[in-house]
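Here is the structure we will look at, set down as structure tokens.
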Amino acid sequence: MADLIAITIGDIKGVGIKILIDAWINRKINNFILFTDHKIIKQYLNNKNIKIELNIIKKEKIYIDNKKLNIFSYNSNSKEDNTYKSLKFAYNFCKEKICIGIITLPVRKDLIKNKVNKNFIGHTEYFQKIDNKKYSNMILYNKQIIISPLTTHIEIKKISKFISNKKFIFNQILNLNNTLKKDFNISKPKLIISGLNPHAGENGKIGKEELTYILPTIKKLNKKGVLIDGPFSADSILIKNNLIKYNCFIFIYHDQALIPFKYISQFSGVNYTGNLSVIRTSPDHGTAYDLLKSKKFSNKSFMNCYKLVKKIYKNRMINDKS
């Protein structure tokens, strides 16, 4: 059987499913299983007047028909419940080695939180929990750059307290370094990290976090053989010389990382979750409701997810043998 990729339904009202179906119809992708309640996808196709046949996958006997849309179906109570359940089923298919990795189509986190699971934070945290990992890394990948925020979906006012745990910083960066080796096949990753405060605190004049938490952890990581420099001012680490010198740019919090990444990648980037037992990617364009009618959306991010799953799968196969 060819290497199968699991694709979660995401928010069916968003642009993700439109991009997926267009790519499949135009034969840009194949060998994947879409995880969704078949009643909901049928209703979607009927409403859009899209006439394609479905192949309902049975777990006991996997039969892939690339002339049909391959679906693994289950019962759901709502569109949001369908979105949420697709994550677990796709994960299980990867754990059982039926699929080589997952592409999670974008979701509305607030809808899942309000209607299905009040504790839902996001894909990264969901897969970290279901995979029983204490640490995971949000890795933003583009052919030009790799960026990773140290923390993900937490309030700004809580970041300082979060990074006061030196063990957290140490393990996040150590796991990131290992992921770059194993999944991205970078033998000796060179990392650079920003500070939390403006100008990286200016030697303690604008905050003490850099001197108290970040710098001591960097020194400890250097002793462990991790090649990491910093902390430097977040507004200046993405200069041309650094883009040549470093493999990965670490920022302290979510928007420090996402703002420059989306500007550089122009919505062609991939959100990858590092330090999991499974391979999980997601497009960086979000649900993008506003783009559906305009037809100004691009499939670049989705296609790059598809390519990255295969690339990381091959890298893991190679590195597991070595």
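Chain lettering (A, B, ...) mirrors the order of the structure tokens, residue numbering begins at 1 for each chain separately, and ligand numbering begins at 1 in order of display.
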Hey, what's within 12 Å of Tyr306 (chain A) if we count only C-alpha atoms and toss same-chain stuff fewer than 6 positions away? As a PyMOL selection string, please?
chain A and resi 3-7+20+23-24+28-32+100-105+269-272+279-283+299-300+312-313
Write out as a VMD selection string which residues come within 12 Å of Leu34 (chain A) when counting only C-alpha atoms, dropping same-chain ones fewer than 4 positions away.
chain A and resid 4 to 10 16 to 17 20 to 21 24 30 38 41 54 to 57 64 68 to 74 82 to 83 86 to 87 89 to 90 93 99 102 to 105
Show me a table, sorted first by chain and then by increasing residue number, of the residues of region 202-222 of chain A having an atom at most 12 Å from region 249-257 of chain A, each with its shortest atom pair and the distance in Å to one decimal, counting only C-alpha atoms and written as JSON lines.
```
{"residue": "A:Glu209", "atom": "CA", "partner": "A:Ile252", "partner_atom": "CA", "distance": 10.8}
{"residue": "A:Glu210", "atom": "CA", "partner": "A:Ile252", "partner_atom": "CA", "distance": 10.5}
{"residue": "A:Tyr213", "atom": "CA", "partner": "A:Ile252", "partner_atom": "CA", "distance": 11.7}
{"residue": "A:Ile214", "atom": "CA", "partner": "A:Ile252", "partner_atom": "CA", "distance": 9.6}
{"residue": "A:Ile218", "atom": "CA", "partner": "A:Ile250", "partner_atom": "CA", "distance": 12.0}
```
Nearest candidate to Asn114 (chain A) (options A:Gly204, A:Asn275, A:Asp81, A:Ser298; using only C-alpha atoms)
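For Asn114 (chain A), the nearest of the given residues is A:Asp81.
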Quick check, in Å to one decimal: how far apart do CA of Glu60 (chain A) and CA of Lys311 (chain A) lie?
27.8 Å
For region 148-233 of chain A versus region 119-136 of chain A, which residues have an atom no more than 12 Å away, and what is each residue's nearest atom pair and distance in Å rounded to one decimal, using only C-alpha atoms, chain-then-number order, as a Markdown table?
```
| residue | atom | partner | partner_atom | distance |
| --- | --- | --- | --- | --- |
| A:Ser148 | CA | A:Ser136 | CA | 10.8 |
| A:Pro149 | CA | A:Ser136 | CA | 10.9 |
| A:Leu150 | CA | A:Ser136 | CA | 9.6 |
| A:Thr151 | CA | A:Ser136 | CA | 9.8 |
| A:Thr152 | CA | A:Thr124 | CA | 8.3 |
| A:His153 | CA | A:Ile121 | CA | 7.0 |
| A:Ile154 | CA | A:Ile121 | CA | 9.1 |
| A:Glu155 | CA | A:Ile121 | CA | 11.8 |
| A:Lys167 | CA | A:Tyr135 | CA | 10.8 |
| A:Phe168 | CA | A:Tyr135 | CA | 8.2 |
| A:Ile169 | CA | A:Tyr135 | CA | 10.1 |
| A:Phe170 | CA | A:Tyr135 | CA | 10.6 |
| A:Asn171 | CA | A:Tyr135 | CA | 7.3 |
| A:Gln172 | CA | A:Tyr135 | CA | 6.4 |
| A:Ile173 | CA | A:Ser136 | CA | 9.9 |
| A:Leu174 | CA | A:Tyr135 | CA | 10.2 |
| A:Asn175 | CA | A:Ser136 | CA | 7.6 |
| A:Leu176 | CA | A:Ser136 | CA | 8.2 |
| A:Asn177 | CA | A:Ser136 | CA | 11.8 |
| A:Asn178 | CA | A:Ser136 | CA | 11.5 |
| A:Thr179 | CA | A:Ser136 | CA | 9.9 |
```
As a ChimeraX atom specification, please: every residue in region 12-106 of chain A that DSSP puts in strand (DSSP E).
/A:32-35,54-56,69-72,101-104
Top pick for closest residue to Ser265 (chain A), considering A:Asn304, A:Ser78, A:Asn319, A:Thr217 and counting only C-alpha atoms
A:Asn304
Could you pull out the residues in region 113-204 of chain A that DSSP calls alpha helix (DSSP H) from the backbone, as a short mmCIF file (atom, residue, chain, number, x, y, z; two decimals) with N, CA, C and O atoms, in the first residue's frame?
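Wrote out_0.cif, looks like this:
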```cif
data_model
loop_
_atom_site.label_atom_id
_atom_site.label_comp_id
_atom_site.auth_asym_id
_atom_site.auth_seq_id
_atom_site.Cartn_x
_atom_site.Cartn_y
_atom_site.Cartn_z
N LYS A 113 -14.19 25.03 21.55
CA LYS A 113 -14.15 25.33 22.98
C LYS A 113 -15.55 25.57 23.54
O LYS A 113 -15.90 25.09 24.62
N ASN A 114 -16.38 26.29 22.80
CA ASN A 114 -17.72 26.64 23.28
C ASN A 114 -18.73 25.51 23.14
O ASN A 114 -19.66 25.39 23.94
N LYS A 115 -18.55 24.65 22.11
CA LYS A 115 -19.59 23.67 21.80
C LYS A 115 -19.20 22.21 22.07
O LYS A 115 -20.09 21.35 22.13
N HIS A 123 -4.52 22.80 18.17
CA HIS A 123 -3.99 21.54 17.66
C HIS A 123 -2.71 21.12 18.40
O HIS A 123 -2.55 19.95 18.78
N THR A 124 -1.78 22.07 18.56
CA THR A 124 -0.50 21.74 19.18
C THR A 124 -0.68 21.11 20.55
O THR A 124 -0.13 20.04 20.85
N GLU A 125 -1.49 21.77 21.38
CA GLU A 125 -1.71 21.29 22.74
C GLU A 125 -2.52 20.00 22.75
O GLU A 125 -2.29 19.12 23.58
N TYR A 126 -3.47 19.88 21.82
CA TYR A 126 -4.29 18.66 21.75
C TYR A 126 -3.42 17.43 21.48
O TYR A 126 -3.52 16.41 22.17
N PHE A 127 -2.55 17.53 20.47
CA PHE A 127 -1.74 16.37 20.11
C PHE A 127 -0.65 16.10 21.15
O PHE A 127 -0.27 14.94 21.36
N GLN A 128 -0.16 17.14 21.80
CA GLN A 128 0.79 16.93 22.89
C GLN A 128 0.15 16.10 24.00
O GLN A 128 0.76 15.17 24.52
N LYS A 129 -1.09 16.43 24.33
CA LYS A 129 -1.78 15.73 25.41
C LYS A 129 -2.12 14.29 25.01
O LYS A 129 -1.86 13.35 25.78
N ILE A 130 -2.69 14.10 23.83
CA ILE A 130 -3.11 12.76 23.42
C ILE A 130 -1.91 11.85 23.21
O ILE A 130 -1.99 10.63 23.34
N ILE A 159 3.37 35.00 30.44
CA ILE A 159 4.58 34.49 29.80
C ILE A 159 5.78 34.54 30.72
O ILE A 159 6.56 33.59 30.81
N SER A 160 5.95 35.65 31.44
CA SER A 160 7.10 35.79 32.33
C SER A 160 7.12 34.68 33.37
O SER A 160 8.17 34.07 33.65
N LYS A 161 5.95 34.39 33.95
CA LYS A 161 5.87 33.32 34.95
C LYS A 161 6.16 31.97 34.31
O LYS A 161 6.82 31.11 34.91
N PHE A 162 5.70 31.78 33.08
CA PHE A 162 5.89 30.52 32.36
C PHE A 162 7.37 30.23 32.16
O PHE A 162 7.83 29.11 32.40
N ILE A 163 8.11 31.24 31.72
CA ILE A 163 9.53 31.01 31.41
C ILE A 163 10.42 31.08 32.66
O ILE A 163 11.62 30.85 32.57
N LYS A 166 13.00 27.29 34.53
CA LYS A 166 14.17 27.06 33.68
C LYS A 166 14.15 25.67 33.04
O LYS A 166 14.68 25.46 31.95
N LYS A 167 13.55 24.73 33.75
CA LYS A 167 13.45 23.37 33.21
C LYS A 167 12.60 23.36 31.95
O LYS A 167 12.88 22.63 30.99
N PHE A 168 11.54 24.21 31.94
CA PHE A 168 10.68 24.31 30.76
C PHE A 168 11.46 24.82 29.56
O PHE A 168 11.42 24.24 28.47
N ILE A 169 12.21 25.92 29.75
CA ILE A 169 12.99 26.48 28.64
C ILE A 169 14.01 25.45 28.14
O ILE A 169 14.15 25.23 26.93
N PHE A 170 14.71 24.83 29.08
CA PHE A 170 15.75 23.86 28.72
C PHE A 170 15.18 22.72 27.89
O PHE A 170 15.71 22.38 26.82
N ASN A 171 14.09 22.13 28.36
CA ASN A 171 13.52 20.98 27.65
C ASN A 171 12.89 21.36 26.32
O ASN A 171 12.98 20.59 25.36
N GLN A 172 12.26 22.52 26.26
CA GLN A 172 11.68 22.96 24.99
C GLN A 172 12.76 23.08 23.91
O GLN A 172 12.59 22.63 22.78
N ILE A 173 13.89 23.71 24.28
CA ILE A 173 14.95 23.93 23.30
C ILE A 173 15.70 22.63 22.99
O ILE A 173 16.05 22.36 21.83
N LEU A 174 15.91 21.80 24.00
CA LEU A 174 16.57 20.51 23.77
C LEU A 174 15.75 19.64 22.83
O LEU A 174 16.28 19.02 21.90
N ASN A 175 14.44 19.58 23.05
CA ASN A 175 13.56 18.79 22.18
C ASN A 175 13.50 19.38 20.77
O ASN A 175 13.44 18.63 19.78
N LEU A 176 13.50 20.71 20.67
CA LEU A 176 13.52 21.35 19.37
C LEU A 176 14.79 20.98 18.62
O LEU A 176 14.76 20.65 17.42
N ASN A 177 15.92 21.01 19.30
CA ASN A 177 17.20 20.65 18.69
C ASN A 177 17.17 19.22 18.17
O ASN A 177 17.63 18.93 17.06
N ASN A 178 16.62 18.30 18.97
CA ASN A 178 16.52 16.90 18.56
C ASN A 178 15.59 16.72 17.37
O ASN A 178 15.84 15.89 16.48
N THR A 179 14.49 17.49 17.34
CA THR A 179 13.55 17.42 16.22
C THR A 179 14.20 17.89 14.93
O THR A 179 13.99 17.30 13.86
N LEU A 180 15.00 18.95 15.00
CA LEU A 180 15.69 19.45 13.82
C LEU A 180 16.65 18.40 13.26
O LEU A 180 16.82 18.26 12.05
N LYS A 181 17.24 17.63 14.16
CA LYS A 181 18.15 16.56 13.72
C LYS A 181 17.38 15.41 13.09
O LYS A 181 17.70 14.95 11.98
N LYS A 182 16.37 14.92 13.80
CA LYS A 182 15.65 13.71 13.39
C LYS A 182 14.69 13.96 12.24
O LYS A 182 14.65 13.19 11.26
#
```
Applying 6 Å and only C-alpha atoms, which residues near region 221-228 of chain A remain after dropping the ones on its own chain fewer than 3 positions away? List them as a ChimeraX atom specification.
/A:190-192,218
Please write the residues from the selection above to a file, keeping N, CA and C atoms, as an mmCIF file, in the first residue's frame.
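Generated file (selection_9.cif):
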```cif
data_model
loop_
_atom_site.group_PDB
_atom_site.id
_atom_site.type_symbol
_atom_site.label_atom_id
_atom_site.label_comp_id
_atom_site.auth_asym_id
_atom_site.auth_seq_id
_atom_site.Cartn_x
_atom_site.Cartn_y
_atom_site.Cartn_z
ATOM 1 N N LYS A 190 21.999 25.011 14.260
ATOM 2 C CA LYS A 190 22.461 26.257 14.869
ATOM 3 C C LYS A 190 21.234 27.103 15.187
ATOM 4 N N LEU A 191 21.053 27.408 16.475
ATOM 5 C CA LEU A 191 19.854 28.082 16.946
ATOM 6 C C LEU A 191 20.178 29.483 17.450
ATOM 7 N N ILE A 192 19.199 30.361 17.360
ATOM 8 C CA ILE A 192 19.304 31.694 17.926
ATOM 9 C C ILE A 192 17.985 32.007 18.611
ATOM 10 N N ILE A 218 20.691 29.085 28.348
ATOM 11 C CA ILE A 218 21.499 28.996 27.129
ATOM 12 C C ILE A 218 22.876 28.415 27.454
#
```
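The space separating CA of Gly274 (chain A) from CA of Met138 (chain A) comes to 6.4 Å.
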Measuring atom to atom with only C-alpha atoms, identify which of A:Ser268, A:Leu276, A:Asn185, A:Asn49 is nearest to Asn315 (chain A).
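Nearest candidate to Asn315 (chain A) out of A:Ser268, A:Leu276, A:Asn185, A:Asn49: A:Asn185.
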When you count only C-alpha atoms, which of these residues is closest to Phe297 (chain A): A:Asn165, A:Gln266, A:Leu45, A:Arg316?
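Between A:Asn165, A:Gln266, A:Leu45, A:Arg316, the residue approaching Phe297 (chain A) most closely is A:Gln266.
Among the candidates A:Ile50, A:Ile193, A:Ile12, A:Cys248, the residue lying nearest to Asp235 (chain A) is A:Ile193 (atoms considered: only C-alpha atoms).
Our summary of the geometry notes that CA of Lys18 (chain A) is positioned 18.7 Å from CA of Tyr84 (chain A).
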I need the residue nearest Tyr91 (chain A) from this list: A:Pro189, A:Val278, A:Asp320, A:Val309. Use only C-alpha atoms for the distance.
A:Val278
